[in-house]
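As stored in query.tsv (TSV, C-alpha atoms):
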chain	number	residue	atom	x	y	z
A	40	MET	CA	137.77	83.34	151.63
A	41	ILE	CA	135.21	83.47	148.81
A	42	ASP	CA	134.81	80.07	147.15
A	43	THR	CA	133.62	81.18	143.74
A	44	LEU	CA	133.79	84.67	142.36
A	45	MET	CA	132.58	85.90	138.97
A	46	LEU	CA	133.94	88.95	137.18
A	47	ILE	CA	132.01	90.41	134.24
A	48	ASP	CA	134.21	92.90	132.41
A	49	ASP	CA	134.95	93.53	128.74
A	50	GLU	CA	138.63	94.33	129.37
A	51	ASN	CA	140.59	91.07	129.18
A	52	LEU	CA	143.73	92.56	130.68
A	53	PHE	CA	141.75	93.50	133.75
A	54	HIS	CA	140.74	89.85	134.11
A	55	LEU	CA	144.41	88.99	134.63
A	56	VAL	CA	144.98	91.88	137.03
A	57	PHE	CA	141.88	90.97	139.03
A	58	GLU	CA	142.69	87.26	139.19
A	59	ASP	CA	146.26	87.85	140.33
A	60	ALA	CA	145.26	90.52	142.84
A	61	CYS	CA	142.54	88.27	144.30
A	62	SER	CA	144.91	85.34	144.50
A	63	LEU	CA	147.66	87.38	146.17
A	64	LEU	CA	145.19	88.81	148.68
A	65	ASP	CA	143.58	85.40	149.28
A	66	ILE	CA	140.19	86.81	148.37
A	67	ALA	CA	138.83	83.94	146.27
A	68	LEU	CA	139.64	80.35	145.52
A	69	SER	CA	138.12	80.24	142.09
A	70	ILE	CA	137.50	83.10	139.72
A	71	GLU	CA	135.45	82.96	136.56
A	72	ALA	CA	136.00	85.95	134.31
A	73	LEU	CA	133.48	86.69	131.55
A	74	ASP	CA	133.73	89.45	129.00
A	75	SER	CA	130.05	89.99	128.26
A	76	SER	CA	126.87	90.36	130.26
A	77	ASP	CA	125.02	88.20	127.73
A	78	GLU	CA	127.27	85.27	128.61
A	79	ALA	CA	126.69	85.87	132.31
A	80	ASP	CA	122.95	86.18	131.73
A	81	LYS	CA	122.91	82.82	129.96
A	82	LYS	CA	124.77	81.17	132.82
A	83	PHE	CA	122.50	82.63	135.51
A	84	LYS	CA	119.48	81.56	133.47
A	85	ASP	CA	120.84	77.99	133.45
A	86	TRP	CA	121.44	78.07	137.21
A	87	PHE	CA	117.94	79.30	138.02
A	88	PRO	CA	115.91	78.04	139.81
A	89	ASN	CA	117.98	74.91	140.41
A	90	ASP	CA	121.73	74.72	140.50
A	91	PRO	CA	122.44	70.98	140.85
A	92	ASN	CA	126.22	71.27	140.52
A	93	HIS	CA	126.45	74.36	142.74
A	94	GLU	CA	128.10	76.37	140.02
A	95	ARG	CA	126.42	79.65	140.88
A	96	PRO	CA	129.09	82.09	142.13
A	97	GLU	CA	129.13	83.30	145.69
A	98	CYS	CA	130.07	86.81	144.69
A	99	VAL	CA	129.76	88.81	141.44
A	100	PHE	CA	131.73	91.86	140.30
A	101	VAL	CA	130.22	93.62	137.27
A	102	ASP	CA	131.74	96.39	135.19
A	103	LEU	CA	129.42	99.36	134.57
A	104	ASN	CA	129.89	99.71	130.81
A	105	ILE	CA	130.44	96.36	129.14
A	106	ILE	CA	131.24	97.04	125.50
A	107	GLY	CA	129.65	94.56	123.11
A	108	SER	CA	126.99	93.43	125.59
A	109	SER	CA	123.24	93.82	125.56
A	110	TYR	CA	123.07	95.04	129.18
A	111	ASP	CA	125.21	97.33	131.24
A	112	GLY	CA	126.34	96.43	134.76
A	113	ILE	CA	123.31	97.99	136.48
A	114	GLU	CA	120.84	96.06	134.31
A	115	MET	CA	122.83	92.87	134.92
A	116	ILE	CA	122.57	93.36	138.69
A	117	ARG	CA	118.86	94.05	138.39
A	118	LYS	CA	118.35	90.86	136.41
A	119	ILE	CA	120.36	88.73	138.84
A	120	ASN	CA	118.58	90.21	141.87
A	121	THR	CA	115.05	90.16	140.50
A	122	GLU	CA	114.92	87.49	137.80
A	123	TYR	CA	117.50	84.94	138.88
A	124	GLY	CA	116.77	84.66	142.58
A	125	ASN	CA	119.37	86.98	144.08
A	126	GLY	CA	121.42	85.06	146.70
A	127	CYS	CA	124.90	86.30	145.85
A	128	VAL	CA	127.01	89.22	146.95
A	129	ILE	CA	126.95	91.59	144.00
A	130	GLY	CA	128.39	94.99	143.11
A	131	ILE	CA	129.99	97.18	140.50
A	132	ILE	CA	133.66	97.51	139.65
A	133	SER	CA	134.19	100.49	137.37
A	134	SER	CA	136.43	103.44	136.70
A	135	SER	CA	133.34	105.67	136.73
A	136	GLN	CA	132.46	107.74	139.80
A	137	ASP	CA	129.21	109.08	138.41
A	138	GLU	CA	126.85	109.79	141.31
A	139	VAL	CA	123.76	109.17	139.18
A	140	GLU	CA	125.00	105.73	138.13
A	141	ILE	CA	126.04	104.90	141.69
A	142	ASN	CA	122.53	105.73	142.93
A	143	LYS	CA	120.98	103.65	140.15
A	144	ALA	CA	123.17	100.70	141.12
A	145	LYS	CA	122.12	101.11	144.74
A	146	GLU	CA	118.46	101.10	143.72
A	147	VAL	CA	118.75	97.80	141.85
A	148	GLY	CA	120.46	96.14	144.82
A	149	ALA	CA	124.20	96.57	144.29
A	150	GLN	CA	125.99	96.17	147.63
A	151	PHE	CA	129.22	97.94	146.76
A	152	TRP	CA	130.93	100.08	144.12
A	153	ILE	CA	134.65	99.60	143.66
A	154	ILE	CA	136.46	102.25	141.66
A	155	LYS	CA	138.91	100.69	139.23
A	156	SER	CA	142.37	102.17	139.11
A	157	ASP	CA	145.97	101.08	138.62
A	158	ASP	CA	146.25	100.37	142.32
A	159	ILE	CA	143.26	98.11	142.90
A	160	GLU	CA	144.72	95.94	145.70
A	161	PRO	CA	144.03	98.24	148.71
A	162	ARG	CA	140.36	98.47	147.71
A	163	LEU	CA	140.06	94.72	147.24
A	164	GLU	CA	141.66	94.18	150.64
A	165	GLU	CA	139.14	96.56	152.22
A	166	PHE	CA	136.37	94.71	150.41
A	167	LYS	CA	137.70	91.42	151.73
A	168	ASN	CA	137.43	92.75	155.29
A	169	ASP	CA	133.81	93.85	154.68
A	170	TYR	CA	132.79	90.72	152.81
A	171	ASP	CA	131.12	88.90	155.71
A	172	GLY	CA	128.83	91.92	156.20
A	173	TYR	CA	127.77	91.74	152.55
A	174	LYS	CA	127.22	88.01	152.80
A	175	ASN	CA	124.84	88.24	155.73
A	176	LYS	CA	123.31	91.46	154.31
A	177	THR	CA	124.22	93.58	157.31
A	178	ALA	CA	126.79	95.83	155.66
A	179	PRO	CA	125.48	99.02	154.05
A	180	PHE	CA	126.23	100.05	150.46
A	181	LYS	CA	129.81	101.23	150.25
A	182	ILE	CA	131.94	102.99	147.65
A	183	TYR	CA	135.60	101.93	147.63
A	184	LYS	CA	137.56	104.95	146.39
B	1050	MET	CA	141.16	71.34	152.65
B	1051	ILE	CA	142.87	68.33	151.12
B	1052	GLU	CA	145.31	66.42	153.26
B	1053	VAL	CA	148.17	65.13	151.09
B	1054	THR	CA	149.43	61.75	152.20
B	1055	GLY	CA	151.53	58.75	151.16
B	1056	HIS	CA	152.36	58.23	147.55
B	1057	THR	CA	151.09	61.62	146.28
B	1058	ARG	CA	153.21	63.45	148.86
B	1059	ASN	CA	156.35	61.49	147.90
B	1060	VAL	CA	155.78	62.03	144.17
B	1061	LEU	CA	155.32	65.78	144.65
B	1062	LEU	CA	158.51	66.05	146.73
B	1063	ASP	CA	160.47	63.93	144.26
B	1064	VAL	CA	159.35	65.97	141.22
B	1065	ALA	CA	160.28	69.16	143.06
B	1066	LYS	CA	163.71	67.80	143.98
B	1067	LYS	CA	164.63	66.29	140.60
B	1068	LYS	CA	162.83	68.48	138.12
B	1069	ARG	CA	162.21	71.67	140.11
B	1070	ILE	CA	158.49	71.56	139.27
B	1071	TYR	CA	156.16	72.81	141.99
B	1072	VAL	CA	152.40	72.84	142.45
B	1073	GLU	CA	151.02	76.27	141.63
B	1074	GLY	CA	147.79	78.23	141.43
B	1075	ASN	CA	144.83	78.44	143.77
B	1076	PHE	CA	144.82	74.65	144.15
B	1077	LEU	CA	147.76	75.16	146.52
B	1078	LYS	CA	145.44	76.90	148.94
B	1079	LEU	CA	143.50	73.66	149.31
B	1080	LEU	CA	146.48	71.47	150.14
B	1081	ARG	CA	147.40	70.70	153.72
B	1082	PRO	CA	150.23	68.52	155.13
B	1083	VAL	CA	149.65	65.65	157.49
B	1084	LYS	CA	150.28	66.62	161.08
B	1085	ASP	CA	154.00	66.90	161.95
B	1086	ASP	CA	155.10	66.38	158.31
B	1087	LYS	CA	157.62	69.21	158.42
B	1088	GLU	CA	159.16	68.31	155.05
B	1089	PHE	CA	155.86	68.60	153.17
B	1090	GLU	CA	154.93	71.69	155.17
B	1091	GLU	CA	158.17	73.27	154.00
B	1092	TYR	CA	157.45	72.12	150.42
B	1093	LEU	CA	154.02	73.81	150.47
B	1094	LYS	CA	155.60	76.99	151.82
B	1095	VAL	CA	158.08	77.01	148.93
B	1096	CYS	CA	155.28	76.32	146.44
B	1097	LYS	CA	153.22	79.20	147.82
B	1098	GLU	CA	156.18	81.55	147.81
B	1099	LYS	CA	157.03	80.67	144.20
B	1100	ASP	CA	153.40	81.05	143.18
B	1101	ARG	CA	153.20	84.39	144.96
B	1102	THR	CA	156.38	85.67	143.32
B	1103	SER	CA	155.31	84.66	139.83
B	1104	ARG	CA	151.82	86.14	140.34
B	1105	LYS	CA	153.31	89.40	141.60
B	1106	LYS	CA	155.56	89.54	138.57
B	1107	ARG	CA	152.67	88.81	136.24
B	1108	LEU	CA	150.47	91.37	137.96
B	1109	GLU	CA	153.17	94.00	137.57
B	1110	VAL	CA	153.66	93.22	133.87
B	1111	THR	CA	149.92	93.12	133.23
B	1112	LYS	CA	149.46	96.48	134.93
B	1113	GLN	CA	152.29	97.91	132.85
B	1114	VAL	CA	150.74	96.60	129.64
B	1115	GLN	CA	147.36	97.90	130.77
B	1116	SER	CA	148.76	101.37	131.38
B	1117	GLN	CA	150.61	101.33	128.04
B	1118	ASN	CA	147.38	100.27	126.37
B	1119	LYS	CA	145.58	103.18	127.98
B	1120	GLU	CA	148.28	105.57	126.76
B	1121	LEU	CA	148.00	104.11	123.25
B	1122	GLU	CA	144.24	104.42	123.35
B	1123	LEU	CA	144.55	108.04	124.44
B	1124	ALA	CA	147.09	108.69	121.68
B	1125	ALA	CA	144.78	107.05	119.14
B	1126	GLU	CA	141.88	109.19	120.36
B	1127	GLU	CA	144.08	112.28	120.11
B	1128	ASN	CA	145.07	111.24	116.56
B	1129	ILE	CA	141.44	110.83	115.60
B	1130	ARG	CA	140.65	114.24	117.12
B	1131	ILE	CA	143.55	115.90	115.25
B	1132	ASN	CA	142.57	114.17	111.99
B	1133	LYS	CA	139.02	115.40	112.43
B	1134	GLN	CA	140.29	118.95	113.04
B	1135	LEU	CA	142.55	118.73	109.98
B	1136	SER	CA	139.82	117.49	107.71
B	1137	LYS	CA	137.49	120.18	109.09
B	1138	ALA	CA	140.15	122.84	108.42
B	1139	LEU	CA	140.67	121.42	104.93
B	1140	ASP	CA	136.94	121.57	104.25
B	1141	GLU	CA	136.83	125.13	105.52
B	1142	THR	CA	139.79	126.08	103.31
B	1143	GLN	CA	138.11	124.53	100.28
B	1144	ILE	CA	134.91	126.40	101.07
B	1145	ALA	CA	136.91	129.65	101.52
B	1146	MET	CA	138.69	129.05	98.20
B	1147	GLU	CA	135.39	128.43	96.50
B	1148	ASP	CA	134.01	131.64	98.06
B	1149	ALA	CA	137.11	133.52	96.90
B	1150	ARG	CA	136.63	132.18	93.38
B	1151	VAL	CA	132.98	133.27	93.39
B	1152	ALA	CA	133.97	136.68	94.82
B	1153	GLU	CA	136.64	137.07	92.13
B	1154	LYS	CA	134.12	136.22	89.45
B	1155	GLU	CA	131.64	138.71	90.93
B	1156	ALA	CA	134.38	141.36	91.13
B	1157	MET	CA	135.22	140.80	87.47
B	1158	ILE	CA	131.57	141.12	86.53
B	1159	ALA	CA	131.30	144.29	88.65
B	1160	LYS	CA	134.45	145.66	87.02
B	1161	ALA	CA	133.06	145.01	83.55
B	1162	GLU	CA	129.79	146.65	84.54
B	1163	ALA	CA	131.66	149.65	86.00
B	1164	GLU	CA	133.74	149.98	82.85
B	1165	LYS	CA	130.59	149.82	80.74
B	1166	LEU	CA	128.96	152.48	82.95
B	1167	ARG	CA	132.10	154.64	82.69
B	1168	ASP	CA	132.06	154.32	78.88
B	1169	ASP	CA	128.35	155.16	78.82
B	1170	ALA	CA	128.94	158.16	81.07
B	1171	MET	CA	131.80	159.38	78.89
B	1172	GLU	CA	129.70	158.94	75.80
B	1173	ASP	CA	126.84	160.85	77.47
B	1174	LEU	CA	129.27	163.61	78.47
B	1175	ASP	CA	130.62	163.78	74.94
B	1176	THR	CA	127.11	163.95	73.53
B	1177	LEU	CA	126.21	166.63	76.05
B	1178	GLN	CA	129.28	168.66	75.15
B	1179	LYS	CA	128.50	168.33	71.46
B	1180	ARG	CA	124.90	169.32	72.01
B	1181	THR	CA	125.96	172.32	74.09
B	1182	GLN	CA	128.39	173.32	71.38
B	1183	PHE	CA	125.77	172.84	68.75
B	1184	GLU	CA	123.25	174.91	70.69
B	1185	LEU	CA	125.86	177.64	71.18
B	1186	ILE	CA	126.63	177.65	67.50
B	1187	GLY	CA	122.92	177.81	66.75
B	1188	LYS	CA	122.54	180.81	69.05
B	1189	ILE	CA	125.55	182.54	67.49
B	1190	VAL	CA	124.15	181.90	64.02
B	1191	ARG	CA	120.73	183.15	65.06
B	1192	VAL	CA	122.19	186.32	66.61
B	1193	ALA	CA	124.48	186.82	63.59
B	1194	LEU	CA	121.56	186.42	61.18
B	1195	ILE	CA	119.43	188.81	63.22
B	1196	ILE	CA	122.28	191.37	63.22
B	1197	ILE	CA	122.89	190.89	59.47
B	1198	MET	CA	119.23	191.10	58.65
B	1199	GLY	CA	118.76	194.03	61.06
B	1200	VAL	CA	121.68	196.02	59.61
B	1201	GLY	CA	120.59	195.15	56.07
B	1202	LEU	CA	117.00	196.16	56.85
B	1203	ILE	CA	117.95	199.46	58.54
B	1204	THR	CA	120.32	200.42	55.72
B	1205	THR	CA	117.72	199.44	53.11
B	1206	VAL	CA	115.02	201.43	54.90
B	1207	LEU	CA	117.32	204.44	55.13
B	1208	PHE	CA	118.28	204.12	51.50
B	1209	GLY	CA	114.64	203.68	50.48
B	1210	TYR	CA	113.69	206.71	52.55
B	1211	THR	CA	116.29	208.89	50.80
B	1212	LEU	CA	115.09	207.65	47.44
B	1213	MET	CA	111.47	208.33	48.30
B	1214	THR	CA	112.15	211.80	49.72
B	1215	GLY	CA	114.54	212.71	46.95
B	1216	GLN	CA	117.38	213.47	49.29
B	1217	GLU	CA	119.90	211.49	47.43
B	1218	ASN	CA	123.07	210.98	49.32
B	1219	PRO	CA	126.03	209.44	47.54
B	1220	ILE	CA	127.69	208.43	50.79
B	1221	LEU	CA	124.60	206.52	51.84
B	1222	GLU	CA	124.35	204.88	48.44
B	1223	SER	CA	127.91	203.67	48.50
B	1224	THR	CA	127.58	202.69	52.11
B	1225	TRP	CA	124.41	200.67	51.40
B	1226	SER	CA	125.97	198.94	48.39
B	1227	ASN	CA	129.24	198.22	50.30
B	1228	LEU	CA	127.45	197.14	53.41
B	1229	PHE	CA	125.05	194.93	51.50
B	1230	GLY	CA	127.89	193.38	49.60
B	1231	ILE	CA	129.94	192.77	52.76
B	1232	LEU	CA	126.95	191.41	54.68
B	1233	LEU	CA	125.95	189.13	51.87
B	1234	THR	CA	129.50	187.83	51.50
B	1235	ASN	CA	129.96	187.40	55.24
B	1236	SER	CA	126.58	185.75	55.73
B	1237	PHE	CA	127.38	183.21	53.04
B	1238	SER	CA	130.76	182.70	54.65
B	1239	ILE	CA	129.12	182.11	58.07
B	1240	ILE	CA	126.53	179.77	56.59
B	1241	GLY	CA	129.31	177.90	54.82
B	1242	THR	CA	131.28	177.57	58.06
B	1243	ILE	CA	128.21	176.36	59.96
B	1244	MET	CA	127.40	173.83	57.29
B	1245	GLY	CA	131.01	172.62	57.36
B	1246	VAL	CA	131.01	172.26	61.19
B	1247	LYS	CA	127.65	170.47	61.11
B	1248	TYR	CA	128.84	168.12	58.42
B	1249	ALA	CA	132.08	167.36	60.35
B	1250	THR	CA	130.15	166.73	63.61
B	1251	GLU	CA	127.65	164.41	61.93
B	1252	GLY	CA	130.52	162.39	60.43
B	1253	LYS	CA	131.85	161.51	63.95
B	1254	GLY	CA	128.50	160.07	65.14
B	1255	ASN	CA	125.94	161.20	67.71

Would you give me this structure, written as C-alpha cells?
Amino acid sequence: MIDTLMLIDDENLFHLVFEDACSLLDIALSIEALDSSDEADKKFKDWFPNDPNHERPECVFVDLNIIGSSYDGIEMIRKINTEYGNGCVIGIISSSQDEVEINKAKEVGAQFWIIKSDDIEPRLEEFKNDYDGYKNKTAPFKIYK
Amino acid sequence: MIEVTGHTRNVLLDVAKKKRIYVEGNFLKLLRPVKDDKEFEEYLKVCKEKDRTSRKKRLEVTKQVQSQNKELELAAEENIRINKQLSKALDETQIAMEDARVAEKEAMIAKAEAEKLRDDAMEDLDTLQKRTQFELIGKIVRVALIIIMGVGLITTVLFGYTLMTGQENPILESTWSNLFGILLTNSFSIIGTIMGVKYATEGKGN
C-alpha cells in the first residue's frame, strides 16, 4: 500500500471520489488533495533538497488541465522530475485522451496516464497492481483506459 | 502497524458497546489486535465494515453529484450557445431591418426620380407635339399664301395682259375682281385664324 499519495486536481468533487476509491481499494494510507499546481509547487519547493519530516509524497497524481493554476499537469511533472529531485511515482489523471499530450507527458517523465471517468475504480485497481513496477522504475509507461 | 493493548482497547470496546461509536478512516488500517484477542479482532472487523459501507455510500453520492454537475455544466454551456445564437440572430435581424429601411428610402428616391423623368418626358412629348403642330400650321400657311399669291398673280397678269392688248373681257374682269375680293377676304381670315391659334398656344406655355 502507498503510504502517502498526492492528488493535484482543480475539481473538488473528484478529490472525494478519489479518496474514497483509494481507501476502498486499499491503495493509499494517506491522501493529500490539492486544487492548484501552484500550491503543489510551493510544497515541493519546501521539501527540496531536504525533507526532514518526510512529508514528500510517495506517489503523485496530477490532472492535465488545472484551472486557476500557473502550470498544467505536464509542466508540474517536469518541474518535480527536473527541479525538485524526482524520487516519486508520478503520472497524469485526466479525462483527456489526446495523443499529443500523452506523448508530451511521457517525454517529461510521467510513468502512467489514467483516464478519468465515472467508473474510476477498475483503473485504480490495475494501477495498484502495477505500482511496484513504477516504484522500482521497471514498469513501462502505461495508459489506463 | 499499531498494536492496541490494555486500557485503549477496553475504552474503544466500551464506547462501541455503549455509544455505538466506532473508529473510522484510514487510521483503522494501522490498528492491529494483540495475538488471540478475538473480541478486539471482531471489533476491528466491524469498524472496517462500517467504514467501508459509509465510504461506498459517500462515493456513490459523490459520483451522482459529480454526474449531475456535469449535466448542469453541459446545460449551462448549451444555454450560453443558444443565447449567443439568439443574440447573433437578433443582430442580423436588426441589420436586415436597417438594410430594408435604407432600401425603402432608396426606392422612394428612385420612384421620385422616375416620376420626375416621366413628367419631363411627357412635357417633352407635349412640346414636340406642339412644335410639330406649329410646323404643320406654318407649312399650311406658307402653301396657302403661295397659292393665294400665285392665283392672285396669274389673274392679275391675265387681266393686265387683256388691258394691254385691248382685248377687254367682261368675264375676266368680273372674275378678277371677285377672285381678288375672295382671296383677300380668305387670306385675312386665314391670317386671323393663325394669329388666334398662335396666341392660344402661347398662353398655355412652351

Near-region 1074-1089 of chain B list (8 Å; only C-alpha atoms; drop same-chain fewer than 6 positions) as an NGL selection string
(:A and (62 or 68-69)) or (:B and (1050-1054 or 1058 or 1062 or 1096-1097 or 1100))

Sort by chain and increasing residue number a table of all residues of chain B within 7 Å of chain A, each with its closest pair of atoms and their distance in Å to one decimal, counting all atoms listed in the file, and write it as a tab-separated table.
residue	atom	partner	partner_atom	distance
B:Asn1075	CA	A:Leu68	CA	5.8
B:Arg1101	CA	A:Leu63	CA	6.4
B:Arg1104	CA	A:Asp59	CA	5.8
B:Leu1108	CA	A:Val56	CA	5.6
B:Thr1111	CA	A:Val56	CA	6.4
B:Lys1112	CA	A:Val56	CA	6.8
B:Gln1115	CA	A:Leu52	CA	6.5

Would you write out those residues with C-alpha atoms, as an mmCIF file, in the coordinates of the input?
data_model
loop_
_atom_site.group_PDB
_atom_site.id
_atom_site.type_symbol
_atom_site.label_atom_id
_atom_site.label_comp_id
_atom_site.auth_asym_id
_atom_site.auth_seq_id
_atom_site.Cartn_x
_atom_site.Cartn_y
_atom_site.Cartn_z
ATOM 1 C CA ASN B 1075 144.830 78.440 143.770
ATOM 2 C CA ARG B 1101 153.200 84.390 144.960
ATOM 3 C CA ARG B 1104 151.820 86.140 140.340
ATOM 4 C CA LEU B 1108 150.470 91.370 137.960
ATOM 5 C CA THR B 1111 149.920 93.120 133.230
ATOM 6 C CA LYS B 1112 149.460 96.480 134.930
ATOM 7 C CA GLN B 1115 147.360 97.900 130.770
#

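Minimum distance to Ser1236 (chain B) across B:Ala1249, B:Val1192, B:Val1206, B:Lys1165 (counting all atoms listed in the file) occurs at B:Val1192.
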
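Pairwise distance (CA of Pro161 (chain A), CA of Lys181 (chain A)) equals 14.6 Å.
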
Polymer residues at most 9 Å from region 165-168 of chain A, only C-alpha atoms, same-chain spacing of 2 or more positions, as a list in words
Met40, Ile41, Leu64, Asp65, Ile66, Phe151, Ile153, Glu160, Pro161, Arg162, Leu163, Tyr170, Asp171, Gly172 and Tyr183 of chain A

Atomic separation - CA of Ala144 (chain A) relative to CA of Met45 (chain A), Å
17.7 Å

Smallest atom-to-atom distance to Tyr173 (chain A): which of A:Ile113, A:Ala149, A:Cys61, A:Val101, using all atoms listed in the file?
A:Ala149

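CA of Asn1118 (chain B) is found 25.4 Å from CA of Asp77 (chain A).
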